$ cat query23.txt   # compact mmCIF, C-alpha atoms and all ligand atoms
# COMPACT_ATOMS: atom_id res chain seq x y z
CA MET A 1 -3.23 -12.87 -23.60
CA LYS A 2 -1.81 -10.34 -26.08
CA ASP A 3 -1.56 -6.57 -25.81
CA ARG A 4 -2.55 -4.04 -28.50
CA PHE A 5 0.82 -4.57 -30.19
CA GLY A 6 0.34 -8.32 -30.51
CA ARG A 7 2.82 -9.10 -27.72
CA PRO A 8 1.85 -12.03 -25.52
CA VAL A 9 2.25 -11.58 -21.75
CA LYS A 10 3.92 -14.64 -20.29
CA SER A 11 5.61 -13.55 -17.09
CA ILE A 12 5.24 -11.19 -14.15
CA ARG A 13 7.98 -9.37 -12.23
CA VAL A 14 6.83 -8.75 -8.68
CA SER A 15 8.51 -6.29 -6.37
CA VAL A 16 7.90 -7.35 -2.77
CA THR A 17 9.47 -4.32 -1.09
CA GLU A 18 11.13 -1.03 -1.98
CA ARG A 19 13.43 -1.37 1.05
CA CYS A 20 17.01 -2.46 0.48
CA ASN A 21 20.09 -3.16 2.57
CA LEU A 22 22.39 -1.73 -0.14
CA LYS A 23 22.42 1.70 -1.74
CA CYS A 24 23.60 1.10 -5.33
CA PHE A 25 24.09 4.59 -6.73
CA TYR A 26 22.68 3.78 -10.17
CA CYS A 27 19.62 1.81 -9.05
CA HIS A 28 16.39 2.30 -11.00
CA ARG A 29 14.40 0.89 -8.04
CA GLU A 30 12.34 -1.10 -10.55
CA GLY A 31 10.81 2.22 -11.54
CA GLU A 32 9.31 2.73 -8.08
CA TRP A 33 10.47 6.07 -6.78
CA HIS A 34 8.05 6.96 -4.01
CA ILE A 35 8.80 5.84 -0.48
CA HIS A 36 5.90 3.99 1.13
CA ARG A 37 5.22 1.36 3.72
CA ASN A 38 2.37 -0.27 1.88
CA GLU A 39 3.79 -3.68 1.07
CA MET A 40 1.52 -6.47 -0.06
CA THR A 41 1.03 -9.38 2.32
CA PRO A 42 1.98 -12.89 1.13
CA GLU A 43 -1.73 -13.73 0.70
CA GLU A 44 -2.32 -10.59 -1.38
CA ILE A 45 0.63 -11.49 -3.60
CA ARG A 46 -0.75 -15.01 -3.97
CA LYS A 47 -4.20 -13.67 -4.95
CA ILE A 48 -2.75 -11.39 -7.63
CA LEU A 49 -0.64 -14.27 -8.97
CA GLU A 50 -3.78 -16.39 -9.09
CA ILE A 51 -5.38 -13.73 -11.30
CA ALA A 52 -2.21 -13.66 -13.46
CA ARG A 53 -2.37 -17.42 -13.74
CA SER A 54 -5.93 -17.18 -15.09
CA PHE A 55 -4.33 -15.38 -18.07
CA ASP A 56 -1.86 -18.25 -18.44
CA ILE A 57 1.00 -16.30 -16.83
CA ARG A 58 3.04 -19.08 -15.26
CA LYS A 59 6.43 -17.45 -14.72
CA VAL A 60 7.32 -15.07 -11.91
CA LYS A 61 10.43 -13.21 -10.89
CA PHE A 62 10.52 -11.61 -7.44
CA THR A 63 12.51 -8.44 -6.96
CA GLY A 64 12.68 -5.29 -4.82
CA GLY A 65 14.29 -3.38 -3.15
CA GLU A 66 15.95 -6.42 -1.70
CA PRO A 67 13.41 -9.27 -1.59
CA LEU A 68 15.35 -11.18 1.06
CA ILE A 69 14.94 -8.29 3.48
CA ARG A 70 11.36 -9.50 4.00
CA ASP A 71 11.35 -12.09 6.74
CA ASP A 72 8.31 -13.77 5.15
CA ILE A 73 10.01 -14.26 1.77
CA VAL A 74 10.10 -18.06 2.14
CA HIS A 75 6.35 -18.05 2.80
CA ILE A 76 5.78 -15.85 -0.28
CA ILE A 77 7.71 -18.34 -2.43
CA SER A 78 5.83 -21.32 -1.03
CA LEU A 79 2.47 -19.67 -1.86
CA ALA A 80 3.61 -18.70 -5.36
CA SER A 81 5.31 -21.89 -6.45
CA PRO A 82 2.20 -24.05 -7.07
CA LEU A 83 0.76 -21.28 -9.30
CA MET A 84 3.89 -20.35 -11.21
CA ASP A 85 4.80 -23.78 -12.47
CA LYS A 86 6.86 -22.73 -15.52
CA ASP A 87 9.41 -20.66 -13.64
CA ILE A 88 9.86 -19.06 -10.25
CA SER A 89 12.97 -17.02 -9.65
CA LEU A 90 14.24 -14.12 -7.64
CA THR A 91 16.78 -11.34 -8.13
CA THR A 92 18.86 -10.47 -5.09
CA ASN A 93 22.06 -8.75 -4.10
CA GLY A 94 23.02 -12.10 -2.56
CA THR A 95 24.12 -10.83 0.84
CA LEU A 96 21.31 -12.68 2.66
CA LEU A 97 21.48 -15.85 0.58
CA PRO A 98 23.76 -17.65 3.04
CA LYS A 99 20.80 -17.42 5.47
CA TYR A 100 17.95 -18.21 3.05
CA ALA A 101 19.12 -20.19 -0.02
CA GLN A 102 18.22 -23.68 1.18
CA ASP A 103 14.83 -22.67 2.65
CA LEU A 104 13.98 -20.84 -0.58
CA LYS A 105 14.87 -23.90 -2.63
CA ASP A 106 12.78 -26.11 -0.34
CA ALA A 107 9.85 -23.70 -0.71
CA GLY A 108 9.91 -24.14 -4.50
CA LEU A 109 12.26 -21.42 -5.77
CA ARG A 110 14.00 -22.65 -8.93
CA ARG A 111 16.78 -20.16 -9.53
CA VAL A 112 18.27 -16.80 -8.60
CA ASN A 113 19.94 -13.86 -10.27
CA ILE A 114 22.61 -12.36 -8.03
CA SER A 115 23.66 -8.77 -8.63
CA LEU A 116 27.42 -8.61 -8.62
CA ASP A 117 28.93 -5.73 -10.56
CA THR A 118 32.50 -6.20 -9.42
CA LEU A 119 34.84 -8.49 -7.51
CA ASP A 120 36.90 -5.58 -6.23
CA PRO A 121 36.05 -4.65 -2.59
CA GLU A 122 36.72 -0.93 -3.06
CA LYS A 123 34.67 -0.68 -6.27
CA TYR A 124 31.92 -2.72 -4.60
CA ARG A 125 31.80 -0.26 -1.71
CA ARG A 126 31.76 2.67 -4.14
CA ILE A 127 28.80 1.15 -6.04
CA THR A 128 26.72 -0.22 -3.16
CA GLY A 129 27.77 2.01 -0.27
CA LYS A 130 28.46 -1.12 1.81
CA ASN A 131 31.34 -3.49 2.57
CA THR A 132 29.39 -6.70 1.94
CA LEU A 133 31.27 -8.15 -1.05
CA ARG A 134 32.30 -11.20 1.02
CA GLU A 135 28.65 -11.95 1.93
CA ALA A 136 27.54 -11.53 -1.70
CA ILE A 137 30.22 -13.95 -2.90
CA ASP A 138 29.28 -16.42 -0.16
CA GLY A 139 25.73 -16.03 -1.42
CA VAL A 140 26.81 -17.17 -4.90
CA PHE A 141 28.33 -20.35 -3.49
CA THR A 142 25.41 -21.06 -1.13
CA ALA A 143 22.91 -20.64 -3.97
CA ARG A 144 24.90 -22.99 -6.15
CA ASN A 145 25.18 -25.57 -3.39
CA ALA A 146 21.45 -25.34 -2.70
CA GLY A 147 20.76 -26.25 -6.34
CA LEU A 148 19.27 -22.92 -7.40
CA TYR A 149 19.94 -23.46 -11.07
CA PRO A 150 20.75 -21.93 -13.48
CA LEU A 151 22.47 -19.30 -11.44
CA LYS A 152 22.83 -15.91 -13.11
CA LEU A 153 25.16 -13.08 -12.13
CA ASN A 154 23.94 -9.59 -13.03
CA MET A 155 26.68 -7.12 -13.88
CA VAL A 156 25.57 -3.61 -14.77
CA LEU A 157 28.27 -2.12 -16.96
CA LEU A 158 29.53 1.19 -15.56
CA LYS A 159 31.97 3.41 -17.38
CA GLY A 160 35.13 4.11 -15.41
CA ILE A 161 34.21 1.54 -12.74
CA ASN A 162 33.84 -2.04 -13.96
CA GLU A 163 34.12 -1.85 -17.75
CA ASN A 164 37.65 -3.30 -17.53
CA GLU A 165 36.55 -6.19 -15.35
CA ILE A 166 34.57 -8.14 -17.93
CA GLU A 167 37.14 -10.89 -18.42
CA GLU A 168 37.52 -11.37 -14.67
CA MET A 169 33.75 -11.60 -14.28
CA ILE A 170 33.53 -14.13 -17.11
CA LYS A 171 36.19 -16.20 -15.35
CA PHE A 172 34.35 -16.03 -12.02
CA SER A 173 31.08 -17.03 -13.72
CA ALA A 174 32.76 -19.96 -15.49
CA ASP A 175 34.32 -21.08 -12.19
CA THR A 176 30.98 -20.93 -10.36
CA GLU A 177 29.06 -22.43 -13.30
CA ALA A 178 26.92 -19.31 -13.47
CA ILE A 179 25.62 -17.43 -16.50
CA LEU A 180 26.97 -13.90 -16.60
CA GLN A 181 24.42 -11.24 -17.60
CA ILE A 182 26.09 -8.06 -18.73
CA ILE A 183 23.48 -5.32 -18.44
CA GLU A 184 23.41 -1.91 -20.05
CA LEU A 185 22.69 0.98 -17.66
CA GLU A 186 19.07 1.87 -18.23
CA ALA A 187 17.16 5.13 -17.80
CA PRO A 188 14.05 6.80 -19.22
CA ARG A 189 14.42 9.32 -22.07
CA GLU A 190 14.29 12.36 -19.78
CA LYS A 191 17.33 11.16 -17.82
CA GLU A 192 19.44 10.18 -20.81
CA ASN A 193 20.98 13.59 -21.29
CA THR A 194 21.87 14.11 -17.66
CA GLY A 195 25.53 14.30 -16.67
CA PHE A 196 25.01 11.26 -14.46
CA PHE A 197 23.86 8.95 -17.24
CA LYS A 198 26.50 10.20 -19.68
CA LYS A 199 29.20 9.71 -17.07
CA TYR A 200 28.45 6.02 -16.43
CA HIS A 201 26.66 4.68 -19.50
CA VAL A 202 28.51 2.27 -21.81
CA ASN A 203 26.88 0.67 -24.84
CA PRO A 204 27.64 -3.07 -24.51
CA LYS A 205 27.29 -3.66 -28.27
CA PHE A 206 31.08 -4.08 -28.50
CA ILE A 207 30.83 -7.06 -26.13
CA GLU A 208 28.12 -8.64 -28.26
CA ASP A 209 30.24 -8.16 -31.36
CA HIS A 210 33.25 -9.75 -29.67
CA LEU A 211 31.29 -12.71 -28.30
CA GLU A 212 29.63 -13.22 -31.69
CA GLY A 213 33.12 -13.91 -33.04
CA ILE A 214 34.09 -16.53 -30.47
CA ALA A 215 30.75 -18.19 -29.65
CA LYS A 216 30.14 -21.83 -30.52
CA GLU A 217 26.43 -21.21 -30.18
CA VAL A 218 24.08 -18.24 -29.79
CA VAL A 219 20.74 -18.79 -28.06
CA TYR A 220 17.89 -16.28 -28.07
CA ASN A 221 15.83 -15.87 -24.90
CA GLU A 222 12.11 -15.56 -25.38
CA LEU A 223 12.04 -12.43 -23.19
CA HIS A 224 13.42 -9.38 -25.03
CA ARG A 225 15.12 -11.67 -27.55
CA ARG A 226 18.26 -11.33 -25.41
CA LYS A 227 21.30 -13.05 -26.87
CA ARG A 228 23.15 -15.70 -24.87
CA PHE A 229 26.59 -16.64 -26.13
CA ILE A 230 27.99 -20.07 -25.35
CA PHE A 231 31.74 -20.56 -25.72
CA ASN A 232 34.81 -22.12 -24.18
CA PHE A 233 36.78 -20.02 -21.74
CA HIS A 234 40.06 -21.60 -20.66
CA GLY A 235 38.57 -25.00 -21.44
CA LYS A 236 35.33 -24.38 -19.49
CA ARG A 237 31.86 -24.10 -21.00
CA THR A 238 30.81 -20.50 -20.40
CA GLU A 239 27.59 -18.60 -21.00
CA VAL A 240 27.25 -14.83 -21.25
CA GLU A 241 24.03 -12.96 -21.87
CA VAL A 242 24.05 -9.35 -23.00
CA VAL A 243 21.07 -7.20 -22.04
CA ARG A 244 20.74 -4.08 -24.17
CA PRO A 245 17.52 -2.27 -23.31
CA MET A 246 18.34 1.28 -24.45
CA HIS A 247 16.92 2.39 -27.81
CA ASN A 248 16.43 -1.25 -28.64
CA THR A 249 13.16 -1.70 -30.52
CA GLU A 250 13.64 -5.46 -30.67
CA PHE A 251 14.01 -5.59 -26.86
CA CYS A 252 10.61 -3.90 -26.48
CA MET A 253 8.94 -5.82 -29.32
CA TYR A 254 9.83 -9.05 -27.52
CA CYS A 255 8.88 -7.85 -24.05
CA THR A 256 6.55 -10.50 -22.68
CA ARG A 257 6.23 -9.40 -19.06
CA ILE A 258 4.13 -7.24 -16.83
CA ARG A 259 5.23 -5.84 -13.48
CA LEU A 260 3.68 -5.45 -10.06
CA THR A 261 5.01 -2.76 -7.73
CA SER A 262 5.52 -3.48 -4.05
CA ASP A 263 2.44 -1.36 -3.24
CA GLY A 264 0.27 -3.42 -5.53
CA LYS A 265 0.12 -1.52 -8.81
CA LEU A 266 0.29 -3.33 -12.13
CA LYS A 267 3.07 -1.65 -14.07
CA PRO A 268 3.15 -2.10 -17.84
CA CYS A 269 6.72 -0.78 -18.33
CA LEU A 270 9.80 -0.24 -16.15
CA LEU A 271 10.44 3.19 -17.66
CA ARG A 272 6.95 4.69 -17.26
CA ASN A 273 4.86 5.60 -14.25
CA ASP A 274 1.90 7.30 -15.93
CA ASN A 275 0.00 4.12 -16.78
CA LEU A 276 -0.14 2.11 -13.55
CA VAL A 277 -3.24 0.16 -12.53
CA ASP A 278 -3.89 -0.15 -8.80
CA ILE A 279 -5.04 -3.69 -8.08
CA LEU A 280 -4.24 -3.81 -4.36
CA THR A 281 -6.75 -1.16 -3.20
CA PRO A 282 -9.72 -2.88 -4.92
CA LEU A 283 -8.49 -6.23 -3.56
CA ARG A 284 -8.41 -4.79 -0.04
CA ASN A 285 -11.86 -3.30 -0.58
CA GLY A 286 -13.27 -6.72 -1.36
CA ALA A 287 -13.27 -6.78 -5.18
CA GLY A 288 -14.10 -10.20 -6.60
CA ASP A 289 -12.19 -12.16 -9.23
CA GLU A 290 -14.11 -10.66 -12.17
CA LYS A 291 -13.20 -7.10 -11.14
CA LEU A 292 -9.56 -8.07 -10.52
CA LYS A 293 -9.38 -9.75 -13.94
CA GLU A 294 -10.78 -6.58 -15.56
CA LEU A 295 -7.98 -4.57 -13.90
CA PHE A 296 -5.42 -7.05 -15.17
CA ILE A 297 -6.75 -6.76 -18.72
CA GLU A 298 -6.68 -2.96 -18.37
CA ALA A 299 -2.96 -3.10 -17.44
CA ILE A 300 -2.16 -5.43 -20.34
CA MET A 301 -3.99 -3.10 -22.73
CA ARG A 302 -1.90 -0.18 -21.44
CA ARG A 303 1.32 -1.94 -22.46
CA GLU A 304 3.20 -0.14 -25.19
CA PRO A 305 6.76 -0.58 -26.49
CA TYR A 306 8.90 2.19 -24.94
CA TRP A 307 11.40 2.21 -27.79
CA LYS A 308 9.50 1.99 -31.09
N1 LIG B 1 18.10 -5.96 -4.75
C1 LIG B 1 17.91 -6.92 -5.79
C2 LIG B 1 19.16 -7.08 -6.62
O1 LIG B 1 20.19 -6.48 -6.28
O2 LIG B 1 19.13 -7.83 -7.59
C3 LIG B 1 16.71 -6.67 -6.68
C4 LIG B 1 16.44 -5.28 -7.14
S1 LIG B 1 17.57 -4.67 -8.34
C5 LIG B 1 16.75 -3.15 -8.76
C6 LIG B 1 17.29 -5.71 -9.74
C7 LIG B 1 18.33 -5.62 -10.83
O3 LIG B 1 18.24 -4.37 -11.49
C8 LIG B 1 19.76 -5.74 -10.37
O4 LIG B 1 20.44 -6.73 -11.09
C9 LIG B 1 20.35 -4.39 -10.67
O5 LIG B 1 21.71 -4.44 -10.94
C10 LIG B 1 19.53 -3.94 -11.85
N2 LIG B 1 19.54 -2.50 -12.04
C11 LIG B 1 19.30 -1.56 -11.10
N3 LIG B 1 19.38 -0.32 -11.63
C12 LIG B 1 19.67 -0.46 -12.93
C13 LIG B 1 19.88 0.45 -13.99
N4 LIG B 1 19.78 1.76 -13.82
N5 LIG B 1 20.14 -0.07 -15.21
C14 LIG B 1 20.23 -1.40 -15.41
N6 LIG B 1 20.05 -2.31 -14.43
C15 LIG B 1 19.78 -1.85 -13.21
$ encode --input "query23.txt" --output "C-alpha cells"
Amino acid sequence: MKDRFGRPVKSIRVSVTERCNLKCFYCHREGEWHIHRNEMTPEEIRKILEIARSFDIRKVKFTGGEPLIRDDIVHIISLASPLMDKDISLTTNGTLLPKYAQDLKDAGLRRVNISLDTLDPEKYRRITGKNTLREAIDGVFTARNAGLYPLKLNMVLLKGINENEIEEMIKFSADTEAILQIIELEAPREKENTGFFKKYHVNPKFIEDHLEGIAKEVVYNELHRRKRFIFNFHGKRTEVEVVRPMHNTEFCMYCTRIRLTSDGKLKPCLLRNDNLVDILTPLRNGAGDEKLKELFIEAIMRREPYWK
C-alpha cells in the first residue's frame, strides 16, 4: 500500500515498552515522550501485526525503550515470526542478550542491531549512565554465536565523545563480523537550534565521502536509500552503513516504514507526534478487522516526508 506521496509501506517498527535499563543522554525514545504504563500485550501486538500483514507488510523491527526488559519478549517474537516472514529483527542495547539471544533465535528472530556508541568504559558510562559496557560486548558475542545474522552495531556519532573512535569501531565490527551503522544524531526542527543539539551533532557526510573513496562496492538499502560501503580493512571484509536522516530529502522519500508506539498508536513519522492514530483503544473495545484496517489506512495516509 502506498501513501499520498507514492511511497510504499513495507515494514513496521514496533516499540514494546518505553522502559529502559540505560539512560542514554541523547535518546529520542522513538519519539515517545510521555511516561505511561499502557504496554500492549503479546496478543495485541500479534493482532496489529496481522492487520499490517493484510497490507503486505512482512518486515518488523522491535524496539523500545529496551525491548529485552520485557520478560515476555520471547513470546512476542514467537507470535510475530509466522506473520513477518520477510524479516524480523530487534534493536537492543545488548546488555540482556547474554540471557536471551538463543531463546530469541529459537523463537524466530533473524537478526539484531546492538547499540554500541563506544568501546571506552568511561565514555560508555557518560553516554548511558551505567557501567554495563562488559555486558553489552558480551551481548555482541552471544548474538553472533546464536546465529543472529547479520549483526549490526549502531553507533550514534557524538561530537567531542566518540567522533575520534570511528576507526576503532570499524575494527571491532570487522573482528566480530558485524555491520557498523554510523548514525547521525537526530532531532525535530524545533530542537535543532538548541545548545544541546549543536554541542553534540556531527554531520557524518565526511565519513561517507571517505568510504566512497575506499569502497570496493556500495550497496543501497531499500529503506531510506541508506548507503552501505563494503571494503577491506586490514585484510578483512568490512561493511559500514551511514545513516544520515537530518535534512535529507532522499532519506524521507525512501522511507518505507510505519511505527507503532508501545501504547498502541500508529505513528507515521519518528519526528512528529501530531498525527498519531490510536489502534489499541479500539482493539480493546472490540473493534473488528474492518475497523482496524480503516485505522491502518488512516495512519498510512497521514504519512508525509518530514524533510521535503
Ligand atoms: N534500547 C534499544 C537500543 O538501545 O537499541 C532500542 C531503543 S533505541 C531508542 C534505538 C536506536 O535509536 C538506538 O540505536 C539508538 O542509538 C538510536 N537513537 C536514540 N536516540 C537517537 C538520536 N537522538 N539520534 C539518532 N539515533 C538515536
$ residues_around --input "query23.txt" --residues "segment 250-260 of chain A" --least-positions-apart "2" --cutoff "7 Å" --atoms "all atoms listed in the file" --output "JSON, numbers by chain"
{"A": [7, 8, 9, 10, 11, 12, 13, 14, 15, 223, 224, 225, 245, 248, 262, 264, 265, 266, 267, 268, 305, 306, 307]}
$ write_last_selection --input "query23.txt" --atoms "C-alpha atoms" --output "PDB file, in the coordinates of the input"
ATOM      1  CA  ARG A   7       2.820  -9.100 -27.720  1.00  0.00           C
ATOM      2  CA  PRO A   8       1.850 -12.030 -25.520  1.00  0.00           C
ATOM      3  CA  VAL A   9       2.250 -11.580 -21.750  1.00  0.00           C
ATOM      4  CA  LYS A  10       3.920 -14.640 -20.290  1.00  0.00           C
ATOM      5  CA  SER A  11       5.610 -13.550 -17.090  1.00  0.00           C
ATOM      6  CA  ILE A  12       5.240 -11.190 -14.150  1.00  0.00           C
ATOM      7  CA  ARG A  13       7.980  -9.370 -12.230  1.00  0.00           C
ATOM      8  CA  VAL A  14       6.830  -8.750  -8.680  1.00  0.00           C
ATOM      9  CA  SER A  15       8.510  -6.290  -6.370  1.00  0.00           C
ATOM     10  CA  LEU A 223      12.040 -12.430 -23.190  1.00  0.00           C
ATOM     11  CA  HIS A 224      13.420  -9.380 -25.030  1.00  0.00           C
ATOM     12  CA  ARG A 225      15.120 -11.670 -27.550  1.00  0.00           C
ATOM     13  CA  PRO A 245      17.520  -2.270 -23.310  1.00  0.00           C
ATOM     14  CA  ASN A 248      16.430  -1.250 -28.640  1.00  0.00           C
ATOM     15  CA  SER A 262       5.520  -3.480  -4.050  1.00  0.00           C
ATOM     16  CA  GLY A 264       0.270  -3.420  -5.530  1.00  0.00           C
ATOM     17  CA  LYS A 265       0.120  -1.520  -8.810  1.00  0.00           C
ATOM     18  CA  LEU A 266       0.290  -3.330 -12.130  1.00  0.00           C
ATOM     19  CA  LYS A 267       3.070  -1.650 -14.070  1.00  0.00           C
ATOM     20  CA  PRO A 268       3.150  -2.100 -17.840  1.00  0.00           C
ATOM     21  CA  PRO A 305       6.760  -0.580 -26.490  1.00  0.00           C
ATOM     22  CA  TYR A 306       8.900   2.190 -24.940  1.00  0.00           C
ATOM     23  CA  TRP A 307      11.400   2.210 -27.790  1.00  0.00           C
TER      24      TRP A 307
END
$ closest_atom_pairs --input "query23.txt" --of "chain A" --to "ligand LIG 1 (chain B)" --cutoff "9 Å" --atoms "only C-alpha atoms and all ligand atoms" --output "tab-separated table"
residue	atom	partner	partner_atom	distance
A:Ser15	CA	B:LIG1	C4	8.0
A:Glu18	CA	B:LIG1	C4	8.5
A:Arg19	CA	B:LIG1	N1	8.7
A:Cys20	CA	B:LIG1	N1	6.4
A:Asn21	CA	B:LIG1	N1	8.1
A:Leu22	CA	B:LIG1	N1	7.6
A:Cys24	CA	B:LIG1	C11	7.7
A:Phe25	CA	B:LIG1	N3	8.4
A:Tyr26	CA	B:LIG1	N4	5.1
A:Cys27	CA	B:LIG1	N3	3.4
A:His28	CA	B:LIG1	N3	4.0
A:Arg29	CA	B:LIG1	C5	4.7
A:Glu30	CA	B:LIG1	C5	5.2
A:Gly31	CA	B:LIG1	C5	8.5
A:Phe62	CA	B:LIG1	C3	8.0
A:Thr63	CA	B:LIG1	C3	4.6
A:Gly64	CA	B:LIG1	C4	4.4
A:Gly65	CA	B:LIG1	N1	4.9
A:Glu66	CA	B:LIG1	N1	3.8
A:Pro67	CA	B:LIG1	N1	6.6
A:Leu68	CA	B:LIG1	N1	8.3
A:Leu90	CA	B:LIG1	C3	7.9
A:Thr91	CA	B:LIG1	O2	4.3
A:Thr92	CA	B:LIG1	O2	3.6
A:Asn93	CA	B:LIG1	O1	3.7
A:Gly94	CA	B:LIG1	O1	7.3
A:Asn113	CA	B:LIG1	O2	6.6
A:Ile114	CA	B:LIG1	O2	5.7
A:Ser115	CA	B:LIG1	O4	4.5
A:Leu116	CA	B:LIG1	O5	7.4
A:Asp117	CA	B:LIG1	O5	7.3
A:Leu153	CA	B:LIG1	O4	8.0
A:Asn154	CA	B:LIG1	O4	4.9
A:Met155	CA	B:LIG1	O5	6.4
A:Val156	CA	B:LIG1	O5	5.5
A:Leu157	CA	B:LIG1	C14	8.2
A:Gln181	CA	B:LIG1	O4	8.9
A:Ile183	CA	B:LIG1	C14	5.9
A:Glu184	CA	B:LIG1	C14	5.6
A:Leu185	CA	B:LIG1	N5	3.7
A:Glu186	CA	B:LIG1	N5	3.7
A:Ala187	CA	B:LIG1	N4	5.8
A:Phe197	CA	B:LIG1	N4	8.9
A:Val243	CA	B:LIG1	C14	8.8
A:Pro245	CA	B:LIG1	C14	8.4
$ residues_around --input "query23.txt" --residues "Val74 of chain A" --least-positions-apart "3" --cutoff "8 Å" --atoms "only C-alpha atoms" --output "NGL selection string"
:A and (71 or 77-78 or 100 or 103-104 or 107)
$ closest_residue --input "query23.txt" --among "A:Leu83, A:Ile179, A:Leu151, A:Leu96" --to "Gly139 of chain A" --atoms "only C-alpha atoms"
A:Leu96
$ closest_residue --input "query23.txt" --among "A:Asp85, A:Glu190, A:Glu167, A:Glu212" --to "Arg272 of chain A" --atoms "only C-alpha atoms"
A:Glu190
$ closest_residue --input "query23.txt" --among "A:Asp175, A:Glu192, A:Glu294, A:Asp209" --to "Ala52 of chain A" --atoms "only C-alpha atoms"
A:Glu294
$ closest_residue --input "query23.txt" --among "A:Asn203, A:Asn232, A:Asn275, A:Asn38" --to "Arg244 of chain A" --atoms "all atoms listed in the file"
A:Asn203
$ closest_residue --input "query23.txt" --among "A:Asp289, A:Gly195, A:Tyr200, A:Asp72" --to "Ile127 of chain A" --atoms "all atoms listed in the file"
A:Tyr200
$ atom_distance --input "query23.txt" --atom1 "atom CA of Lys59 of chain A" --atom2 "atom CA of Ser81 of chain A"
9.5 Å
$ residues_around --input "query23.txt" --residues "Phe172 of chain A" --least-positions-apart "5" --cutoff "12 Å" --atoms "only C-alpha atoms" --output "number ranges by chain"
A: 116-119, 137, 140-141, 152-153, 155, 165-167, 177-180, 233-234, 236, 238-240
$ closest_residue --input "query23.txt" --among "A:Met301, A:Met84, A:Leu283, A:Val242" --to "Cys269 of chain A" --atoms "all atoms listed in the file"
A:Met301
$ residues_around --input "query23.txt" --residues "Thr132 of chain A" --least-positions-apart "6" --cutoff "9 Å" --atoms "all atoms listed in the file" --output "list in words"
Leu22, Thr95, Pro121, Tyr124 and Arg125 of chain A
$ atom_distance --input "query23.txt" --atom1 "atom CA of Lys23 of chain A" --atom2 "atom CA of Asn131 of chain A"
11.2 Å
$ axis_aligned_box --input "query23.txt" --around "segment 250-259 of chain A" --padding-each-side "3 Å" --output "lines of an AutoDock Vina configuration file"
center_x = 9.1
center_y = -7.2
center_z = -22.1
size_x = 15.9
size_y = 12.6
size_z = 23.2
